[in-house]
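S.K.: Once you've had a glance at the structure underneath, I'll fire off some questions.
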Protein chains: 2
Amino acid sequence: MVDSPCEQASARFTSRWTLLEMILERVACYNSHSEANRYDHFGHRMKRVRASFFPPIALSPRAKNPLYRQLYDWFQRAIVTGQLRPGQRVPSTRSLAAELKISRIPALAAFEQLHAEGYLETFTGAGTCVAGSIPREGFQPASRKPRTPRRPRARKISRCVAALMSMAEPDLRNLGAFRVSLPALDHFPVGVWSSLLARHARNSTREMMAYGNQLGYAPFRDAIAEYLRTVRAVRCDPSQVMVVPGSQLGVQIAARALLDLNDPVWMEEPGYPGARQNLTMAGARLIPVPVDRDGLNVDEGIRRCRKARAVYITPSHQYPMGFTMSASRRMRLLNWAALHGSWIMEDDYDSEYRFGSHPIASLQGLDADARVIYIGTLSKVLFPALRVGYLVIPKDLVEAFIAAREATDIFSPTLYQAALTDFIREGHFARHIRRMRMLYAVRRHALGEAIRKQLGSMLEVVDAEAGMHLVALLPSGVNDRTVSRNAAEAGISTVPLSSCYHRRPARGGLVLGYGGTDAAQIDEGIRKLARIIRESMARR
Amino acid sequence: MVDSPCEQASARFTSRWTLLEMILERVACYNSHSEANRYDHFGHRMKRVRASFFPPIALSPRAKNPLYRQLYDWFQRAIVTGQLRPGQRVPSTRSLAAELKISRIPALAAFEQLHAEGYLETFTGAGTCVAGSIPREGFQPASRKPRTPRRPRARKISRCVAALMSMAEPDLRNLGAFRVSLPALDHFPVGVWSSLLARHARNSTREMMAYGNQLGYAPFRDAIAEYLRTVRAVRCDPSQVMVVPGSQLGVQIAARALLDLNDPVWMEEPGYPGARQNLTMAGARLIPVPVDRDGLNVDEGIRRCRKARAVYITPSHQYPMGFTMSASRRMRLLNWAALHGSWIMEDDYDSEYRFGSHPIASLQGLDADARVIYIGTLSKVLFPALRVGYLVIPKDLVEAFIAAREATDIFSPTLYQAALTDFIREGHFARHIRRMRMLYAVRRHALGEAIRKQLGSMLEVVDAEAGMHLVALLPSGVNDRTVSRNAAEAGISTVPLSSCYHRRPARGGLVLGYGGTDAAQIDEGIRKLARIIRESMARR
């Protein structure tokens with residue numbers, strides 16, 4: 001099909017173009033024609049559909065993309081960039097195929113797609129045109145235009161995330177010695193676990209593959225409730241258990257369900273940076289409340305903000321210091337919460353590991369006023385890449401938590417929960433915890449000894465016979481972030497104590513994990529650390 | 001060890017009790033003593049430690065709890081409830097064991113634990129006492145006290161979640177006919193999947209079990225990027241892909257990264273209720289923008305709120321109407337976003353299934369200004385309980401998204417990602433999509449026919465040859481929520497169209513899924529539905 005200039009003009013007038021534009025475009029067409037090369041910038045040989053007025057189309061018969069797709073892409077780009085303009089007629093599929101010396105089938109397929117997506121439209125008697133509704137300027141990304149000073153900030157992210165980025169920690173996502181929160185992965189019963197997984201995956205029912213319950217898989221919640229009642233003195237039944245992908249999202253779901261924007265929340269000082277991030281993200285206003293050997297100083301919290309809406313707390317094994325909250329502080333905290341209608345988020349993150357005494361009973365178990373949201377995780381007991389944790393929710397709040405969950409990630413993957421149910425029921429879980437408790441006691445001792453021998457004058461271990469990490473204080477004046485950064489370069493993964501503080505602490509320190517660090521790594525790691533700290537002290 | 005009243009008094013004076021309190025407590029002690037029964041309320045036989053001044057202790061040798069735990073529980077409860085008061089002396093472990101006729105070992109263990117948790121303290125020469133720091137009133141939950149009118153609302157949840165609860169939908173978490181978003185689970189290659197899972201679980205490396213990358217498992221991101229480039233015309237490389245647990249949390253992570261509180265966001269009207277929940281939760285102010293057969297009406301959006309910070313959109317297959325956004329609207333939208341520095345959240349939730357033409361190219365692929373956050377999910381292609389979706393993030397925003405993810409759920413479970421990589425690389429994924437596309441085309445046809453034959457006068461199908469659901473409009477005046485509720489009672493799972501609207505629509509309708517509904521279910525379901533709608537019309 002041949003379009004005479006006259007036909008083109010009439011098509012344009014129907015789409016209400018002015019004569020001036022028509023003339024300008026004619027010039028542009030001639031220009032683009034005269035500039036057109038026999039090869040495009042990818043080096044494909046080009047074929048001309050027509051000697052004039054229609055831009056050249058480049059097809060590459062040996063390309064991975066089929067011909068129809070190449071044609072579609074060419075037209076789409078030409079329309080989007082304004083090379084073909086709204087209302088402009090395009091050749092018929094027949095003449096296109098003839099000119100390009102290809103079968104008509106790819107041309108038909110391309111045009112069908114271009115029609116379906118609204119790039120082309122066909123009028124009876126008038127042939128096929130670029131859709132008149134396409135913006136005349138084509139698509140002009142702002143970044144290609146010169147910016148005026150009055151333009152809004154073009155790449156604006158949220159203030160909250162900008163703040164989080166500014167307080168970012170050195171990245172710990174490696175497997176260096178002393179990686180905090182990392183369990184002894186090589187001691188996990190991988191064989192048992194993989195066969196449980198395979199068994200449940202093979203026998204997947206429709207129920208197990210479909211959308212699941214927001215609270216989690218019922219048999220798993222039974223098993224978790226029983227475990228928590230027995231081992232952690234948590235008062236709960238399965239209807240209060242919500243399975244979550246780790247304690248981090250657990251904190252966030254609780255915050256969403258319970259807190260309004262800018263609600264004051266007590267946060268342990270020092271405390272868990274992950275929870276601080278989560279609560280900040282949820283819009284809470286954090287009130288740092290100091291921690292001492294008896295745990296959170298409740299009276300000081302009351303003095304700083306009596307009407308806090310909630311408190312985030314790690315009473316069994318304070319993060320990072322490892323202290324246990326005393327009975328009297330627990331009772332004071334519960335009394336305060338009951339009096340002011342405040343909520344308590346109890347993060348019981350690694351309470352399974354206590355070497356000196358029996359595990360400390362949970363705060364939740366003491367609470368007669370149902371003020372405590374109990375948060376736990378299997379990341380530290382089994383392995384982190386599992387992403388399974390749980391909440392125990394006061395009964396009258398369950399509906400609110402379900403609504404918050406529905407608007408977060410809906411529910412947790414079902415298969416892991418099914419396999420974990422058997423893992424618990426068949427005794428593997430209790431056995432693994434027992435074995436790890438013994439292993440971590442040995443590793444803790446080895447780490448303490450190595451520090452005493454090689455770093456006795458430089459690192460002061462804060463004693464707490466529990467968990468998977470310890471805190472060691474640096475001599476005053478030594479910057480823990482510098483030490484941590486230098487250690488990271490030497491392949492050692494430490495958390496600077498000051499990153500756990502809201503305000504700058506009087507004395508820096510290092511949080512050293514030993515769960516996933518064996519005797520040889522401990523020895524070598526401490527030797528390297530001794531060198532690094534000595535260098536820091538020398539520079540001081 | 002025997003405590004004389006005089007000794008008790010001195011212990012009390014050391015903890016600065018007044019004489020009056022002492023006298024009052026003496027009376028209380030005698031009272032509780034005279035009331036003490038030989039059996040407690042669980043029917044356990046009680047033993048008296050001493051004839052006077054110390055309350056009776058109930059032990060049950062045949063209970064599941066070991067003796068040390070029973071003793072610990074008894075003391076803890078007595079202290080918490082104020083039965084034993086701060087500074088009060090307790091018997092020695094030796095006399096306790098003798099009185100209770102038990103070995104001394106459980107008594108020692110219980111006291112050790114009570115010491116560790118701070119309930120008891122020992123002073124040299126003065127024996128063991130209830131810790132002086134315990135609050136004198138014990139623990140008094142507020143709910144047991146008469147409430148004064150001035151007390152703050154004691155069980156306050158967040159306003160946002162309260163709002164979500166008030167607009168809760170009828171629960172669809174069942175497997176009834178027409179369940180929206182449910183794929184044909186019985187056609188999923190369970191055998192292949194379970195053997196891939198078992199293979200990867202058995203060969204789990206430390207890297208695969210440890211904390212993973214916030215963006216996801218690298219080989220999986222490679223596979224996803226390749227799939228999206230080829231099939232969805234998404235312009236991306238693996239460094240832009242973030243694996244998320246479903247598109248819901250994907251929307252929320254994007255909102256957290258990009259939006260401040262009360263930022264205006266265009267939302268399709270009608271649109272996806274899940275996204276509305278997520279954006280509300282993230283604090284966005286939603287501006288409903290009407291949708292027609294060409295997709296979102298961009299000009300109307302500009303008229304309603306020119307400076308919206310973002311837009312949530314389903315351009316390939318509008319939810320719920322099924323329309324495809326036209327090329328001109330796409331270009332208008334991209335131009336608007338580039339001009340105003342706005343972000344586009346493109347939810348491409350089930351674009352794999354298009355029966356009439358080739359899949360519609362993504363909006364992201366057109367966008368030269370990197371304004372589009374592309375959101376996809378495997379819930380509809382594979383199965384929902386997998387909880388795997390993905391984002392494609394503009395390169396300069398990747399760091400912000402990582403920070404938002406770190407403060408959300410950190411990362412997605414690794415094992416599924418590893419197994420999915422093989423599932424894609426070995427061709428199972430493409431094969432499954434092809435098979436499902438054919439199956440869903442058949443099911444869609446069957447559903448359309450069944451509606452035409454049995455409900456032709458009552459349901460008007462909105463035509464869109466794509467996806468896993470269709471919308472059918474009810475006669476005006478029929479309440480779709482009532483129909484949907486009645487259908488749910490008959491085991492049929494439909495979404496009332498009005499739940500997708502911000503404002504009440506002119507005409508109600510039903511969203512009917514056919515992905516997970518086979519021919520027999522379709523037939524029976526439509527028969528039931530015809531009866532329910534007829535009843536509703538009769539009542540009208």
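By order in the structure tokens, chains are A, B, ...; within a chain, residues start at 1; ligands start at 1, following the order shown.
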Name the residues in contact with range 263-280 of chain A at a cut-off of 6 Å, using only C-alpha atoms, excluding same-chain residues fewer than 6 positions from it; report them as JSON, numbers by chain.

M.R.: {"A": [252, 286, 287, 288, 289, 290, 291, 308, 309, 310, 311, 312, 319, 500, 501], "B": [407]}

S.K.: Take the residues from that selection and put them in a file with N, CA and C atoms, as a compact mmCIF listing (two decimals), in the first residue's frame.

M.R.:
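Result file follows (selection_26.txt):
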# COMPACT_ATOMS: atom_id res chain seq x y z
N GLN A 252 7.11 -6.18 64.05
CA GLN A 252 6.43 -5.21 63.21
C GLN A 252 4.92 -5.43 63.18
N LEU A 286 10.74 6.25 69.89
CA LEU A 286 11.44 5.40 70.85
C LEU A 286 11.98 6.21 72.03
N ILE A 287 11.72 5.70 73.23
CA ILE A 287 12.24 6.31 74.45
C ILE A 287 13.29 5.36 75.00
N PRO A 288 14.58 5.70 74.91
CA PRO A 288 15.59 4.77 75.43
C PRO A 288 15.52 4.71 76.96
N VAL A 289 15.47 3.49 77.50
CA VAL A 289 15.41 3.29 78.95
C VAL A 289 16.60 2.43 79.34
N PRO A 290 17.44 2.91 80.26
CA PRO A 290 18.68 2.19 80.54
C PRO A 290 18.45 0.81 81.14
N VAL A 291 19.43 -0.05 80.87
CA VAL A 291 19.42 -1.43 81.34
C VAL A 291 20.59 -1.59 82.30
N ALA A 308 4.04 5.68 78.20
CA ALA A 308 4.45 4.98 76.98
C ALA A 308 3.36 3.97 76.61
N ARG A 309 3.14 3.86 75.31
CA ARG A 309 2.08 2.97 74.86
C ARG A 309 2.53 1.51 74.89
N ALA A 310 3.86 1.30 74.82
CA ALA A 310 4.38 -0.07 74.79
C ALA A 310 5.83 -0.07 75.21
N VAL A 311 6.35 -1.28 75.45
CA VAL A 311 7.77 -1.45 75.74
C VAL A 311 8.27 -2.66 74.96
N TYR A 312 9.47 -2.53 74.39
CA TYR A 312 10.12 -3.69 73.77
C TYR A 312 11.20 -4.16 74.73
N TYR A 319 19.36 -8.39 75.22
CA TYR A 319 20.24 -8.19 74.08
C TYR A 319 20.78 -6.77 74.13
N CYS A 500 24.21 -0.70 69.39
CA CYS A 500 23.02 -1.10 70.15
C CYS A 500 22.49 0.06 70.99
N TYR A 501 23.19 1.17 70.95
CA TYR A 501 22.79 2.32 71.77
C TYR A 501 22.10 3.38 70.93
N ALA B 407 14.42 -3.93 57.67
CA ALA B 407 13.55 -3.57 58.79
C ALA B 407 12.16 -4.18 58.63

S.K.: Run DSSP on the backbone and grab whatever in range 429-494 of chain A lands in alpha helix (DSSP H); send it over as a PyMOL selection string.

M.R.: chain A and resi 429-455+480-489

S.K.: Skipping near chain neighbours, those fewer than 4 positions away, what residues fall within 9 Å of range 366-375 of chain B using only C-alpha atoms, listed as a count of residues only?

M.R.: 40

S.K.: Residues at most 12 Å from Arg443 in chain A, counting only C-alpha atoms, excluding those fewer than 3 positions away in the same chain, as a ChimeraX atom specification?

M.R.: /A:178,183-184,355,436-440,446-450,465-470,512-523

S.K.: Would you write out those residues with N, CA and C atoms, as a compact mmCIF listing (two decimals), in the first residue's frame?

M.R.:
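So part_18.txt came out as:
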# COMPACT_ATOMS: atom_id res chain seq x y z
N PHE A 178 32.53 -15.41 64.97
CA PHE A 178 31.81 -14.54 65.91
C PHE A 178 30.56 -13.90 65.33
N PRO A 183 23.65 -19.96 64.60
CA PRO A 183 23.83 -21.22 65.33
C PRO A 183 24.87 -22.12 64.65
N ALA A 184 25.14 -23.24 65.29
CA ALA A 184 26.12 -24.20 64.74
C ALA A 184 25.45 -24.99 63.63
N PHE A 355 23.30 -21.85 80.65
CA PHE A 355 24.24 -22.90 81.03
C PHE A 355 24.34 -23.08 82.54
N MET A 436 22.84 -28.71 71.44
CA MET A 436 23.41 -27.38 71.20
C MET A 436 23.73 -26.68 72.51
N ARG A 437 22.90 -26.93 73.55
CA ARG A 437 23.16 -26.27 74.83
C ARG A 437 24.53 -26.71 75.34
N MET A 438 24.81 -28.01 75.21
CA MET A 438 26.11 -28.50 75.65
C MET A 438 27.23 -27.92 74.80
N LEU A 439 27.01 -27.92 73.50
CA LEU A 439 28.04 -27.41 72.58
C LEU A 439 28.33 -25.93 72.85
N TYR A 440 27.28 -25.15 73.03
CA TYR A 440 27.48 -23.70 73.20
C TYR A 440 28.14 -23.40 74.54
N ALA A 446 35.36 -21.72 75.89
CA ALA A 446 36.56 -21.58 75.06
C ALA A 446 36.78 -20.12 74.69
N LEU A 447 35.71 -19.43 74.33
CA LEU A 447 35.84 -18.02 73.95
C LEU A 447 36.30 -17.19 75.14
N GLY A 448 35.69 -17.44 76.31
CA GLY A 448 36.07 -16.72 77.52
C GLY A 448 37.55 -16.92 77.84
N GLU A 449 37.97 -18.19 77.73
CA GLU A 449 39.37 -18.52 78.02
C GLU A 449 40.33 -17.84 77.03
N ALA A 450 39.94 -17.90 75.75
CA ALA A 450 40.80 -17.32 74.71
C ALA A 450 40.93 -15.82 74.94
N GLU A 465 25.83 -16.24 81.85
CA GLU A 465 26.00 -17.64 81.43
C GLU A 465 24.82 -18.11 80.60
N ALA A 466 24.63 -17.50 79.47
CA ALA A 466 23.46 -17.86 78.67
C ALA A 466 23.67 -17.41 77.24
N GLY A 467 22.86 -17.97 76.35
CA GLY A 467 22.76 -17.47 74.99
C GLY A 467 23.84 -17.95 74.05
N MET A 468 24.02 -17.20 72.99
CA MET A 468 24.93 -17.56 71.92
C MET A 468 25.93 -16.46 71.63
N HIS A 469 25.96 -15.46 72.48
CA HIS A 469 26.95 -14.40 72.28
C HIS A 469 27.37 -13.84 73.63
N LEU A 470 28.49 -13.12 73.65
CA LEU A 470 28.85 -12.39 74.86
C LEU A 470 29.27 -10.98 74.46
N LEU A 512 30.21 -10.60 70.53
CA LEU A 512 30.86 -11.72 69.85
C LEU A 512 29.95 -12.94 69.93
N GLY A 513 29.54 -13.44 68.79
CA GLY A 513 28.73 -14.65 68.77
C GLY A 513 29.66 -15.86 68.79
N TYR A 514 29.22 -16.93 69.49
CA TYR A 514 30.04 -18.15 69.48
C TYR A 514 29.23 -19.37 69.06
N GLY A 515 27.93 -19.16 68.78
CA GLY A 515 27.09 -20.30 68.42
C GLY A 515 27.62 -21.00 67.17
N GLY A 516 27.94 -20.24 66.15
CA GLY A 516 28.38 -20.82 64.89
C GLY A 516 29.88 -20.78 64.69
N THR A 517 30.62 -20.60 65.78
CA THR A 517 32.08 -20.46 65.67
C THR A 517 32.74 -21.58 66.46
N ASP A 518 33.47 -22.46 65.78
CA ASP A 518 34.05 -23.61 66.48
C ASP A 518 35.39 -23.24 67.12
N ALA A 519 35.96 -24.20 67.85
CA ALA A 519 37.14 -23.93 68.67
C ALA A 519 38.28 -23.34 67.85
N ALA A 520 38.52 -23.91 66.67
CA ALA A 520 39.64 -23.44 65.84
C ALA A 520 39.39 -21.99 65.40
N GLN A 521 38.14 -21.72 64.98
CA GLN A 521 37.81 -20.35 64.56
C GLN A 521 37.93 -19.37 65.73
N ILE A 522 37.53 -19.82 66.92
CA ILE A 522 37.62 -18.95 68.10
C ILE A 522 39.08 -18.57 68.34
N ASP A 523 39.93 -19.58 68.29
CA ASP A 523 41.33 -19.34 68.56
C ASP A 523 41.94 -18.36 67.56

S.K.: Please provide the set of residues having any atom within 8 Å of range 217-232 of chain A, restricted to only C-alpha atoms, with same-chain residues fewer than 2 positions apart removed, written as a compact mmCIF listing (two decimals) with C-alpha atoms, in the first residue's frame.

M.R.:
# COMPACT_ATOMS: atom_id res chain seq x y z
CA GLY A 212 -3.23 -20.83 54.53
CA ASN A 213 -4.48 -19.53 57.82
CA LEU A 215 -2.21 -17.65 62.29
CA VAL A 234 4.22 -19.34 78.66
CA ARG A 235 0.50 -19.40 79.40
CA CYS A 236 -1.15 -20.03 76.07
CA ASP A 237 -3.28 -22.26 73.94
CA PRO A 238 -2.82 -22.80 70.18
CA SER A 239 -5.50 -20.21 69.33
CA VAL A 241 -0.10 -18.64 68.49
CA MET A 242 0.69 -16.86 65.22
CA VAL A 243 3.47 -18.26 63.03
CA PRO A 359 15.86 -21.50 81.66
CA ILE A 360 14.36 -18.34 83.10
CA ALA A 361 10.57 -18.37 82.99
CA SER A 362 9.01 -15.99 80.51
CA THR A 414 2.89 -24.12 54.97
CA GLN A 417 5.41 -25.71 59.31
CA ALA A 418 4.25 -29.22 58.50
CA LEU A 420 8.61 -28.71 61.73
CA THR A 421 5.57 -30.22 63.43
CA ILE A 424 9.12 -31.37 67.21
CA ARG A 425 6.72 -34.29 67.72

S.K.: Enter the distance from CA of Gly376 in chain A to CA of Phe411 in chain A, in Å, rounded to one decimal.

M.R.: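 Result for CA of Gly376 in chain A versus CA of Phe411 in chain A: 16.6 Å, one decimal.
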
S.K.: Select from range 124-253 of chain B everything DSSP, run on the backbone, classes as strand (DSSP E), then give the selection as a PyMOL selection string.

M.R.: chain B and resi 127-130+241-244

S.K.: Given the selection you just returned, output its residues as a file containing C-alpha atoms, formatted as a PDB file, in the first residue's frame.

M.R.:
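Result went into selection_7.pdb, see below:
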ATOM      1  CA  GLY B 127      19.167 -16.716 105.914  1.00  0.00           C
ATOM      2  CA  THR B 128      17.075 -16.517 102.781  1.00  0.00           C
ATOM      3  CA  CYS B 129      14.377 -13.879 102.317  1.00  0.00           C
ATOM      4  CA  VAL B 130      11.951 -12.745  99.668  1.00  0.00           C
ATOM      5  CA  VAL B 241      15.469  -8.318  41.603  1.00  0.00           C
ATOM      6  CA  MET B 242      14.321  -8.688  45.224  1.00  0.00           C
ATOM      7  CA  VAL B 243      12.667 -11.944  46.267  1.00  0.00           C
ATOM      8  CA  VAL B 244       9.741 -11.285  48.612  1.00  0.00           C
TER       9      VAL B 244
END

S.K.: When you look at Arg85 in chain A with a cut-off of 8 Å (counting only C-alpha atoms), what residues show up, excluding the ones that are within fewer than 5 positions of it in the same chain? I need them as a CSV table (one decimal) with C-alpha atoms, in the first residue's frame.

M.R.:
chain,number,residue,atom,x,y,z
A,79,ILE,CA,5.5,5.0,18.4
A,130,VAL,CA,-1.0,4.8,15.0
A,134,ILE,CA,-1.2,8.3,21.9
A,136,ARG,CA,1.8,13.6,20.6
A,138,GLY,CA,5.6,10.4,22.7

S.K.: Name the residues in contact with Gln454 in chain A at a cut-off of 8 Å, using only C-alpha atoms, excluding same-chain residues fewer than 2 positions from it; report them as a list in words.

M.R.: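 Those residues are Ala450, Ile451, Arg452, Gly456, Ile526, Arg527 and Ala530 of chain A.
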
S.K.: How many Å lie between CA of Asp480 in chain A and CA of Arg507 in chain A, rounded to one decimal?

M.R.: 8.7 Å

S.K.: Pick out the closest residue to Ile253 in chain A from this set: A:Leu84, A:Leu397, A:Ala488, A:Ile57. Count only C-alpha atoms.

M.R.: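 Residue with the minimum atom-to-atom distance to Ile253 in chain A: A:Leu397.
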
S.K.: Measure the distance from CA of Ile302 in chain A to CA of Arg332 in chain A in Å and round it to one decimal.

M.R.: 10.2 Å
